[in-house]
>>> print(open('upload.pdb').read())   # PDB, C-alpha atoms and all ligand atoms
ATOM      1  CA  MET A   1      69.988 133.972 140.164  1.00  0.00           C
ATOM      2  CA  THR A   2      71.389 136.016 143.023  1.00  0.00           C
ATOM      3  CA  GLN A   3      69.344 136.093 146.151  1.00  0.00           C
ATOM      4  CA  THR A   4      69.201 139.296 148.133  1.00  0.00           C
ATOM      5  CA  ILE A   5      69.448 138.722 151.851  1.00  0.00           C
ATOM      6  CA  PRO A   6      67.491 141.237 153.863  1.00  0.00           C
ATOM      7  CA  VAL A   7      70.355 142.166 156.182  1.00  0.00           C
ATOM      8  CA  ILE A   8      68.495 144.802 158.115  1.00  0.00           C
ATOM      9  CA  GLU A   9      65.760 142.313 159.034  1.00  0.00           C
ATOM     10  CA  LYS A  10      68.376 139.905 160.354  1.00  0.00           C
ATOM     11  CA  ILE A  11      70.008 142.616 162.427  1.00  0.00           C
ATOM     12  CA  LEU A  12      66.673 143.655 163.865  1.00  0.00           C
ATOM     13  CA  SER A  13      65.597 140.143 164.769  1.00  0.00           C
ATOM     14  CA  ALA A  14      68.943 139.451 166.483  1.00  0.00           C
ATOM     15  CA  ASN A  15      68.461 142.718 168.338  1.00  0.00           C
ATOM     16  CA  ASP A  16      64.914 141.752 169.372  1.00  0.00           C
ATOM     17  CA  LYS A  17      66.164 138.476 170.819  1.00  0.00           C
ATOM     18  CA  LEU A  18      68.713 140.307 172.961  1.00  0.00           C
ATOM     19  CA  ALA A  19      66.083 142.860 173.954  1.00  0.00           C
ATOM     20  CA  GLN A  20      63.926 140.007 175.282  1.00  0.00           C
ATOM     21  CA  GLU A  21      66.866 138.764 177.331  1.00  0.00           C
ATOM     22  CA  ASN A  22      67.450 142.256 178.711  1.00  0.00           C
ATOM     23  CA  LEU A  23      63.792 142.543 179.678  1.00  0.00           C
ATOM     24  CA  ALA A  24      63.900 139.169 181.419  1.00  0.00           C
ATOM     25  CA  ARG A  25      66.876 140.349 183.514  1.00  0.00           C
ATOM     26  CA  ILE A  26      65.182 143.634 184.330  1.00  0.00           C
ATOM     27  CA  ASP A  27      61.960 141.826 185.310  1.00  0.00           C
ATOM     28  CA  ALA A  28      63.814 139.281 187.431  1.00  0.00           C
ATOM     29  CA  ALA A  29      65.331 142.163 189.403  1.00  0.00           C
ATOM     30  CA  GLY A  30      61.892 143.754 189.906  1.00  0.00           C
ATOM     31  CA  VAL A  31      62.909 146.932 188.081  1.00  0.00           C
ATOM     32  CA  PHE A  32      60.628 149.131 185.962  1.00  0.00           C
ATOM     33  CA  ALA A  33      62.506 150.421 182.912  1.00  0.00           C
ATOM     34  CA  ILE A  34      61.782 153.149 180.397  1.00  0.00           C
ATOM     35  CA  ASN A  35      63.501 154.165 177.169  1.00  0.00           C
ATOM     36  CA  ILE A  36      63.416 157.921 176.588  1.00  0.00           C
ATOM     37  CA  MET A  37      63.674 159.045 172.986  1.00  0.00           C
ATOM     38  CA  ALA A  38      63.576 162.497 171.410  1.00  0.00           C
ATOM     39  CA  SER A  39      65.340 164.817 169.030  1.00  0.00           C
ATOM     40  CA  PRO A  40      68.425 166.656 170.356  1.00  0.00           C
ATOM     41  CA  GLY A  41      67.431 169.505 172.641  1.00  0.00           C
ATOM     42  CA  ALA A  42      63.870 168.378 173.409  1.00  0.00           C
ATOM     43  CA  GLY A  43      64.769 168.031 177.069  1.00  0.00           C
ATOM     44  CA  LYS A  44      65.427 164.335 177.711  1.00  0.00           C
ATOM     45  CA  THR A  45      68.179 165.054 180.191  1.00  0.00           C
ATOM     46  CA  SER A  46      66.224 167.831 181.923  1.00  0.00           C
ATOM     47  CA  LEU A  47      63.251 165.491 182.307  1.00  0.00           C
ATOM     48  CA  ILE A  48      65.514 162.774 183.714  1.00  0.00           C
ATOM     49  CA  GLU A  49      67.188 165.225 186.053  1.00  0.00           C
ATOM     50  CA  GLN A  50      63.856 166.473 187.429  1.00  0.00           C
ATOM     51  CA  THR A  51      62.531 162.922 187.677  1.00  0.00           C
ATOM     52  CA  VAL A  52      65.578 161.626 189.538  1.00  0.00           C
ATOM     53  CA  ARG A  53      65.593 164.636 191.842  1.00  0.00           C
ATOM     54  CA  ALA A  54      61.924 164.060 192.709  1.00  0.00           C
ATOM     55  CA  LEU A  55      62.095 160.279 193.147  1.00  0.00           C
ATOM     56  CA  ALA A  56      65.609 159.521 194.385  1.00  0.00           C
ATOM     57  CA  GLY A  57      64.548 159.845 198.022  1.00  0.00           C
ATOM     58  CA  LYS A  58      61.831 157.188 197.606  1.00  0.00           C
ATOM     59  CA  TYR A  59      63.226 154.828 194.990  1.00  0.00           C
ATOM     60  CA  ARG A  60      66.583 153.611 193.835  1.00  0.00           C
ATOM     61  CA  VAL A  61      67.037 155.010 190.360  1.00  0.00           C
ATOM     62  CA  GLY A  62      69.496 153.897 187.702  1.00  0.00           C
ATOM     63  CA  MET A  63      70.218 155.772 184.510  1.00  0.00           C
ATOM     64  CA  VAL A  64      71.830 154.647 181.281  1.00  0.00           C
ATOM     65  CA  ASN A  65      72.874 157.405 178.958  1.00  0.00           C
ATOM     66  CA  GLY A  66      73.655 156.894 175.328  1.00  0.00           C
ATOM     67  CA  ASP A  67      75.659 159.692 173.827  1.00  0.00           C
ATOM     68  CA  ILE A  68      77.932 159.989 170.869  1.00  0.00           C
ATOM     69  CA  ALA A  69      80.897 161.496 172.675  1.00  0.00           C
ATOM     70  CA  THR A  70      80.512 162.918 176.174  1.00  0.00           C
ATOM     71  CA  SER A  71      79.300 161.942 179.635  1.00  0.00           C
ATOM     72  CA  LEU A  72      77.747 165.367 180.328  1.00  0.00           C
ATOM     73  CA  ASP A  73      74.189 164.009 180.568  1.00  0.00           C
ATOM     74  CA  ALA A  74      75.105 160.999 182.711  1.00  0.00           C
ATOM     75  CA  ASP A  75      76.960 163.396 185.023  1.00  0.00           C
ATOM     76  CA  ARG A  76      73.788 165.482 185.413  1.00  0.00           C
ATOM     77  CA  ALA A  77      71.730 162.404 186.283  1.00  0.00           C
ATOM     78  CA  ALA A  78      74.387 161.240 188.738  1.00  0.00           C
ATOM     79  CA  ALA A  79      74.452 164.665 190.382  1.00  0.00           C
ATOM     80  CA  ALA A  80      70.665 164.422 190.783  1.00  0.00           C
ATOM     81  CA  GLY A  81      71.032 161.089 192.612  1.00  0.00           C
ATOM     82  CA  ALA A  82      70.975 158.286 190.047  1.00  0.00           C
ATOM     83  CA  ALA A  83      73.411 155.423 189.603  1.00  0.00           C
ATOM     84  CA  ALA A  84      74.492 156.395 186.110  1.00  0.00           C
ATOM     85  CA  VAL A  85      76.215 154.416 183.384  1.00  0.00           C
ATOM     86  CA  GLN A  86      77.522 156.092 180.270  1.00  0.00           C
ATOM     87  CA  ILE A  87      77.575 154.423 176.858  1.00  0.00           C
ATOM     88  CA  ASN A  88      79.576 156.312 174.270  1.00  0.00           C
ATOM     89  CA  THR A  89      78.361 154.980 170.966  1.00  0.00           C
ATOM     90  CA  GLY A  90      81.345 156.326 169.035  1.00  0.00           C
ATOM     91  CA  GLY A  91      79.200 158.120 166.503  1.00  0.00           C
ATOM     92  CA  ASN A  92      76.367 155.591 166.281  1.00  0.00           C
ATOM     93  CA  CYS A  93      72.974 157.302 166.108  1.00  0.00           C
ATOM     94  CA  HIS A  94      70.888 154.959 168.295  1.00  0.00           C
ATOM     95  CA  LEU A  95      71.212 152.579 171.218  1.00  0.00           C
ATOM     96  CA  ASP A  96      70.718 148.885 170.637  1.00  0.00           C
ATOM     97  CA  ALA A  97      70.076 145.888 172.864  1.00  0.00           C
ATOM     98  CA  VAL A  98      73.763 144.865 172.946  1.00  0.00           C
ATOM     99  CA  GLN A  99      74.692 148.247 174.360  1.00  0.00           C
ATOM    100  CA  LEU A 100      71.952 148.076 176.974  1.00  0.00           C
ATOM    101  CA  ARG A 101      73.143 144.607 177.949  1.00  0.00           C
ATOM    102  CA  SER A 102      76.652 145.915 178.617  1.00  0.00           C
ATOM    103  CA  ALA A 103      75.177 148.766 180.661  1.00  0.00           C
ATOM    104  CA  LEU A 104      73.095 146.278 182.687  1.00  0.00           C
ATOM    105  CA  ASP A 105      76.329 144.415 183.441  1.00  0.00           C
ATOM    106  CA  GLN A 106      77.669 147.572 185.070  1.00  0.00           C
ATOM    107  CA  LEU A 107      74.584 148.267 187.192  1.00  0.00           C
ATOM    108  CA  ASP A 108      73.567 146.664 190.461  1.00  0.00           C
ATOM    109  CA  LEU A 109      70.123 145.811 189.068  1.00  0.00           C
ATOM    110  CA  GLU A 110      68.952 143.972 192.193  1.00  0.00           C
ATOM    111  CA  ASN A 111      69.357 147.223 194.084  1.00  0.00           C
ATOM    112  CA  LEU A 112      67.326 149.388 191.712  1.00  0.00           C
ATOM    113  CA  ASP A 113      63.607 150.140 191.464  1.00  0.00           C
ATOM    114  CA  LEU A 114      63.558 152.287 188.351  1.00  0.00           C
ATOM    115  CA  LEU A 115      65.845 152.312 185.324  1.00  0.00           C
ATOM    116  CA  ILE A 116      65.802 155.242 182.920  1.00  0.00           C
ATOM    117  CA  VAL A 117      67.536 154.878 179.569  1.00  0.00           C
ATOM    118  CA  GLU A 118      68.313 158.061 177.673  1.00  0.00           C
ATOM    119  CA  ASN A 119      68.596 157.201 174.006  1.00  0.00           C
ATOM    120  CA  ILE A 120      70.580 159.184 171.429  1.00  0.00           C
ATOM    121  CA  GLY A 121      68.889 162.399 170.304  1.00  0.00           C
ATOM    122  CA  ASN A 122      67.381 161.228 167.031  1.00  0.00           C
ATOM    123  CA  LEU A 123      63.796 160.736 165.861  1.00  0.00           C
ATOM    124  CA  ILE A 124      64.505 158.084 163.253  1.00  0.00           C
ATOM    125  CA  CYS A 125      66.344 154.839 163.979  1.00  0.00           C
ATOM    126  CA  PRO A 126      65.978 154.593 167.795  1.00  0.00           C
ATOM    127  CA  ALA A 127      62.355 153.684 167.036  1.00  0.00           C
ATOM    128  CA  GLU A 128      63.509 150.517 165.221  1.00  0.00           C
ATOM    129  CA  PHE A 129      65.762 149.090 167.921  1.00  0.00           C
ATOM    130  CA  ARG A 130      64.056 147.588 170.950  1.00  0.00           C
ATOM    131  CA  LEU A 131      66.227 147.655 174.024  1.00  0.00           C
ATOM    132  CA  GLY A 132      64.270 145.535 176.480  1.00  0.00           C
ATOM    133  CA  THR A 133      62.636 148.277 178.531  1.00  0.00           C
ATOM    134  CA  HIS A 134      58.966 148.175 179.544  1.00  0.00           C
ATOM    135  CA  LYS A 135      57.887 151.453 178.006  1.00  0.00           C
ATOM    136  CA  ASN A 136      59.007 153.786 175.244  1.00  0.00           C
ATOM    137  CA  VAL A 137      58.680 157.427 176.188  1.00  0.00           C
ATOM    138  CA  ILE A 138      58.970 160.088 173.515  1.00  0.00           C
ATOM    139  CA  VAL A 139      59.737 163.654 174.500  1.00  0.00           C
ATOM    140  CA  ALA A 140      58.592 166.423 172.159  1.00  0.00           C
ATOM    141  CA  SER A 141      58.984 170.110 172.869  1.00  0.00           C
ATOM    142  CA  ILE A 142      57.216 173.303 171.880  1.00  0.00           C
ATOM    143  CA  PRO A 143      60.159 175.018 170.090  1.00  0.00           C
ATOM    144  CA  GLU A 144      60.669 171.992 167.810  1.00  0.00           C
ATOM    145  CA  GLY A 145      57.369 172.753 166.126  1.00  0.00           C
ATOM    146  CA  ASP A 146      53.964 171.158 165.793  1.00  0.00           C
ATOM    147  CA  ASP A 147      54.779 169.039 162.740  1.00  0.00           C
ATOM    148  CA  LYS A 148      56.979 166.402 164.399  1.00  0.00           C
ATOM    149  CA  PRO A 149      54.367 163.609 164.617  1.00  0.00           C
ATOM    150  CA  HIS A 150      53.520 164.211 160.976  1.00  0.00           C
ATOM    151  CA  LYS A 151      57.190 163.973 159.940  1.00  0.00           C
ATOM    152  CA  TYR A 152      58.390 161.127 162.175  1.00  0.00           C
ATOM    153  CA  PRO A 153      55.503 158.650 162.244  1.00  0.00           C
ATOM    154  CA  SER A 154      57.363 155.520 163.328  1.00  0.00           C
ATOM    155  CA  MET A 155      58.650 157.199 166.470  1.00  0.00           C
ATOM    156  CA  TYR A 156      55.133 158.241 167.456  1.00  0.00           C
ATOM    157  CA  ARG A 157      53.601 154.896 166.472  1.00  0.00           C
ATOM    158  CA  GLY A 158      55.943 152.987 168.761  1.00  0.00           C
ATOM    159  CA  ALA A 159      55.572 155.266 171.793  1.00  0.00           C
ATOM    160  CA  ASP A 160      53.774 154.235 174.975  1.00  0.00           C
ATOM    161  CA  VAL A 161      53.900 157.694 176.520  1.00  0.00           C
ATOM    162  CA  LEU A 162      54.350 161.170 175.095  1.00  0.00           C
ATOM    163  CA  VAL A 163      55.834 164.008 177.115  1.00  0.00           C
ATOM    164  CA  LEU A 164      55.323 167.440 175.576  1.00  0.00           C
ATOM    165  CA  ASN A 165      57.988 169.594 177.211  1.00  0.00           C
ATOM    166  CA  LYS A 166      58.680 173.341 177.404  1.00  0.00           C
ATOM    167  CA  ILE A 167      55.011 174.351 177.578  1.00  0.00           C
ATOM    168  CA  ASP A 168      56.211 177.531 179.308  1.00  0.00           C
ATOM    169  CA  LEU A 169      57.350 178.668 175.836  1.00  0.00           C
ATOM    170  CA  LEU A 170      53.857 178.418 174.271  1.00  0.00           C
ATOM    171  CA  PRO A 171      53.224 182.200 174.454  1.00  0.00           C
ATOM    172  CA  TYR A 172      56.439 182.926 172.540  1.00  0.00           C
ATOM    173  CA  VAL A 173      56.548 180.291 169.806  1.00  0.00           C
ATOM    174  CA  PRO A 174      54.040 179.520 167.046  1.00  0.00           C
ATOM    175  CA  PHE A 175      52.735 176.056 167.915  1.00  0.00           C
ATOM    176  CA  ARG A 176      49.309 174.779 166.843  1.00  0.00           C
ATOM    177  CA  MET A 177      48.348 172.372 169.584  1.00  0.00           C
ATOM    178  CA  ASP A 178      45.418 171.026 167.531  1.00  0.00           C
ATOM    179  CA  PHE A 179      47.683 170.264 164.535  1.00  0.00           C
ATOM    180  CA  PHE A 180      50.178 168.504 166.786  1.00  0.00           C
ATOM    181  CA  SER A 181      47.421 166.510 168.509  1.00  0.00           C
ATOM    182  CA  GLN A 182      45.825 165.498 165.203  1.00  0.00           C
ATOM    183  CA  GLY A 183      49.164 164.068 164.106  1.00  0.00           C
ATOM    184  CA  VAL A 184      49.551 162.119 167.315  1.00  0.00           C
ATOM    185  CA  ALA A 185      45.962 160.815 167.290  1.00  0.00           C
ATOM    186  CA  ALA A 186      46.262 159.581 163.708  1.00  0.00           C
ATOM    187  CA  LEU A 187      49.336 157.493 164.538  1.00  0.00           C
ATOM    188  CA  ASN A 188      48.728 156.431 168.100  1.00  0.00           C
ATOM    189  CA  PRO A 189      45.133 156.965 169.238  1.00  0.00           C
ATOM    190  CA  GLY A 190      44.720 157.316 172.983  1.00  0.00           C
ATOM    191  CA  LEU A 191      48.459 157.745 173.595  1.00  0.00           C
ATOM    192  CA  THR A 192      49.082 158.790 177.205  1.00  0.00           C
ATOM    193  CA  GLN A 193      50.372 162.357 177.128  1.00  0.00           C
ATOM    194  CA  PHE A 194      51.841 164.692 179.724  1.00  0.00           C
ATOM    195  CA  ASN A 195      52.261 168.379 178.944  1.00  0.00           C
ATOM    196  CA  LEU A 196      54.881 169.866 181.213  1.00  0.00           C
ATOM    197  CA  SER A 197      57.791 172.217 181.695  1.00  0.00           C
ATOM    198  CA  CYS A 198      61.031 171.016 183.225  1.00  0.00           C
ATOM    199  CA  THR A 199      61.964 174.676 183.712  1.00  0.00           C
ATOM    200  CA  THR A 200      58.922 175.812 185.723  1.00  0.00           C
ATOM    201  CA  GLY A 201      57.904 172.400 187.056  1.00  0.00           C
ATOM    202  CA  GLU A 202      54.347 172.792 185.743  1.00  0.00           C
ATOM    203  CA  GLY A 203      52.788 169.422 184.907  1.00  0.00           C
ATOM    204  CA  LEU A 204      55.623 167.354 186.359  1.00  0.00           C
ATOM    205  CA  ASP A 205      53.467 165.839 189.097  1.00  0.00           C
ATOM    206  CA  ALA A 206      51.216 164.001 186.640  1.00  0.00           C
ATOM    207  CA  TRP A 207      54.264 162.487 184.907  1.00  0.00           C
ATOM    208  CA  LEU A 208      55.814 161.490 188.223  1.00  0.00           C
ATOM    209  CA  GLY A 209      52.494 159.987 189.322  1.00  0.00           C
ATOM    210  CA  TRP A 210      52.342 157.842 186.189  1.00  0.00           C
ATOM    211  CA  LEU A 211      55.876 156.626 186.799  1.00  0.00           C
ATOM    212  CA  GLU A 212      55.373 155.938 190.488  1.00  0.00           C
ATOM    213  CA  GLY A 213      52.285 153.899 189.656  1.00  0.00           C
ATOM    214  CA  ARG A 214      54.536 151.479 187.806  1.00  0.00           C
ATOM    215  CA  VAL A 215      57.526 151.206 190.101  1.00  0.00           C
ATOM    216  CA  ARG A 216      57.455 148.356 192.624  1.00  0.00           C
ATOM    217  CA  LYS A 217      58.999 149.256 195.907  1.00  0.00           C
TER
HETATM  218 MG    MG A 301      70.583 164.582 176.814  1.00  0.00          MG
HETATM  219 ZN    ZN A 302      70.777 154.943 164.252  1.00  0.00          ZN
END
>>> encode(input="upload.pdb", output="structure tokens")
Amino acid sequence: MTQTIPVIEKILSANDKLAQENLARIDAAGVFAINIMASPGAGKTSLIEQTVRALAGKYRVGMVNGDIATSLDADRAAAAGAAAVQINTGGNCHLDAVQLRSALDQLDLENLDLLIVENIGNLICPAEFRLGTHKNVIVASIPEGDDKPHKYPSMYRGADVLVLNKIDLLPYVPFRMDFFSQGVAALNPGLTQFNLSCTTGEGLDAWLGWLEGRVRK
């Protein structure tokens, strides 16, 4: 009888092992690291840009950007004051622990306080691949609609923090906050959530406060 080998499980457990090694390196350097995940256009890069701009004077911030083809987002983070490393995944739809390891090799980790990883814009497989960061941050946004937690449960289940971006658009877009919140609560009760707008700056202070509370100087 032929035995089926669960290949995906093997890939994931190899990835988890590397993720643990990444986390050990990050911890040894005294860095706090977050993995930012979202669909394309939710505002990952805008959030990173605002965050780096606000914190770069106080902390040394590194940024790893995963993108399929360009370095546009890493360039924005660098312009805001981060030490930025670009990973072009060549079409791959998520970052994995191997890719983060190669990015860590290019960063001066000992001279960083905060490391922000921008994952590929995708609400599906990035949730399955641990990278070795301390916290998973998911960014949702008002124009995407209120059904995202209902449609992408594993992403919401694995999140440590939820940022709901573009709240300045609430008056112009149909978005049932209670429906969205019910979806989140069913999957991840008590999930820390920040409602904010990277455009107007409303709500950013609470997010920055959360982050600063975790960064060792
Ligand atoms: Mg981006
Ligand atoms: Zn993928």
>>> closest_residue(input="upload.pdb", among="A:Leu47, A:Ile124, A:Val161, A:Leu131", to="Ala24 of chain A", atoms="all atoms listed in the file")
A:Leu131
>>> residues_near_ligand(input="upload.pdb", ligand="ligand MG 301 (chain A)", cutoff="9 Å", atoms="all atoms listed in the file", output="VMD selection string")
chain A and resid 40 to 46 48 65 to 67 72 to 74 118 to 121
>>> residues_around(input="upload.pdb", residues="Val137 of chain A", least_positions_apart="6", cutoff="10 Å", atoms="all atoms listed in the file", output="list in words")
Ile34, Asn35, Ile36, Met37, Ala38, Lys44, Val117, Glu118, Met155, Tyr156, Gly158, Ala159, Asp160, Val161, Leu162, Val163, Thr192 and Gln193 of chain A
>>> atom_distance(input="upload.pdb", atom1="atom CA of Ala77 of chain A", atom2="atom CA of Leu114 of chain A")
13.2 Å
>>> closest_residue(input="upload.pdb", among="A:Ala69, A:Leu196, A:Ile8, A:Leu95", to="ligand ZN 302 (chain A)", atoms="all atoms listed in the file")
A:Leu95
>>> closest_atom_pairs(input="upload.pdb", of="chain A", to="ligand ZN 302 (chain A)", cutoff="10 Å", atoms="only C-alpha atoms and all ligand atoms", output="tab-separated table")
residue	atom	partner	partner_atom	distance
A:Gly91	CA	A:ZN302	ZN	9.3
A:Asn92	CA	A:ZN302	ZN	6.0
A:Cys93	CA	A:ZN302	ZN	3.7
A:His94	CA	A:ZN302	ZN	4.0
A:Leu95	CA	A:ZN302	ZN	7.4
A:Asp96	CA	A:ZN302	ZN	8.8
A:Ile120	CA	A:ZN302	ZN	8.3
A:Gly121	CA	A:ZN302	ZN	9.8
A:Asn122	CA	A:ZN302	ZN	7.7
A:Leu123	CA	A:ZN302	ZN	9.2
A:Ile124	CA	A:ZN302	ZN	7.1
A:Cys125	CA	A:ZN302	ZN	4.4
A:Pro126	CA	A:ZN302	ZN	6.0
A:Ala127	CA	A:ZN302	ZN	9.0
A:Glu128	CA	A:ZN302	ZN	8.6
A:Phe129	CA	A:ZN302	ZN	8.5
>>> atom_distance(input="upload.pdb", atom1="atom CA of Arg101 of chain A", atom2="atom CA of Thr133 of chain A")
11.1 Å
>>> atom_distance(input="upload.pdb", atom1="atom CA of Ile138 of chain A", atom2="atom CA of Val31 of chain A")
20.0 Å
>>> resolve_selection(input="upload.pdb", expression="the PyMOL selection byres (((chain A and resi 20) around 12) and not hetatm)", output="count of residues only")
24
>>> axis_aligned_box(input="upload.pdb", around="segment 74-85 of chain A", padding_each_side="8 Å", output="AutoDock Vina command-line options")
--center_x 73.8 --center_y 159.9 --center_z 187.7 --size_x 22.3 --size_y 27.1 --size_z 25.9
>>> residues_near_point(input="upload.pdb", point="(69.2, 157.7, 190.9)", cutoff="8 Å", atoms="all atoms listed in the file", output="list in words")
Val52, Arg53, Leu55, Ala56, Tyr59, Arg60, Val61, Gly62, Met63, Ala77, Ala78, Ala80, Gly81, Ala82, Ala83 and Ala84 of chain A
>>> decode(input="upload.pdb", residues="segment 160-184 of chain A", atoms="C-alpha atoms", output="short mmCIF file (atom, residue, chain, number, x, y, z; two decimals), in the first residue's frame")
data_model
loop_
_atom_site.label_atom_id
_atom_site.label_comp_id
_atom_site.auth_asym_id
_atom_site.auth_seq_id
_atom_site.Cartn_x
_atom_site.Cartn_y
_atom_site.Cartn_z
CA ASP A 160 -1.87 39.19 18.60
CA VAL A 161 -2.94 42.70 17.65
CA LEU A 162 -5.48 44.08 15.22
CA VAL A 163 -5.12 47.50 13.63
CA LEU A 164 -8.27 48.77 11.94
CA ASN A 165 -7.03 51.43 9.54
CA LYS A 166 -8.68 54.16 7.45
CA ILE A 167 -11.34 55.00 10.05
CA ASP A 168 -11.51 58.45 8.42
CA LEU A 169 -13.44 56.73 5.60
CA LEU A 170 -16.24 55.44 7.88
CA PRO A 171 -18.70 58.19 6.85
CA TYR A 172 -18.29 57.30 3.16
CA VAL A 173 -18.23 53.51 3.09
CA PRO A 174 -20.81 50.99 4.31
CA PHE A 175 -19.09 49.22 7.20
CA ARG A 176 -20.98 47.57 10.07
CA MET A 177 -18.62 47.88 13.00
CA ASP A 178 -20.72 45.48 15.10
CA PHE A 179 -20.61 42.78 12.38
CA PHE A 180 -16.86 43.18 12.04
CA SER A 181 -16.37 43.05 15.82
CA GLN A 182 -18.58 39.97 16.19
CA GLY A 183 -16.38 38.18 13.66
CA VAL A 184 -13.23 39.14 15.50
#
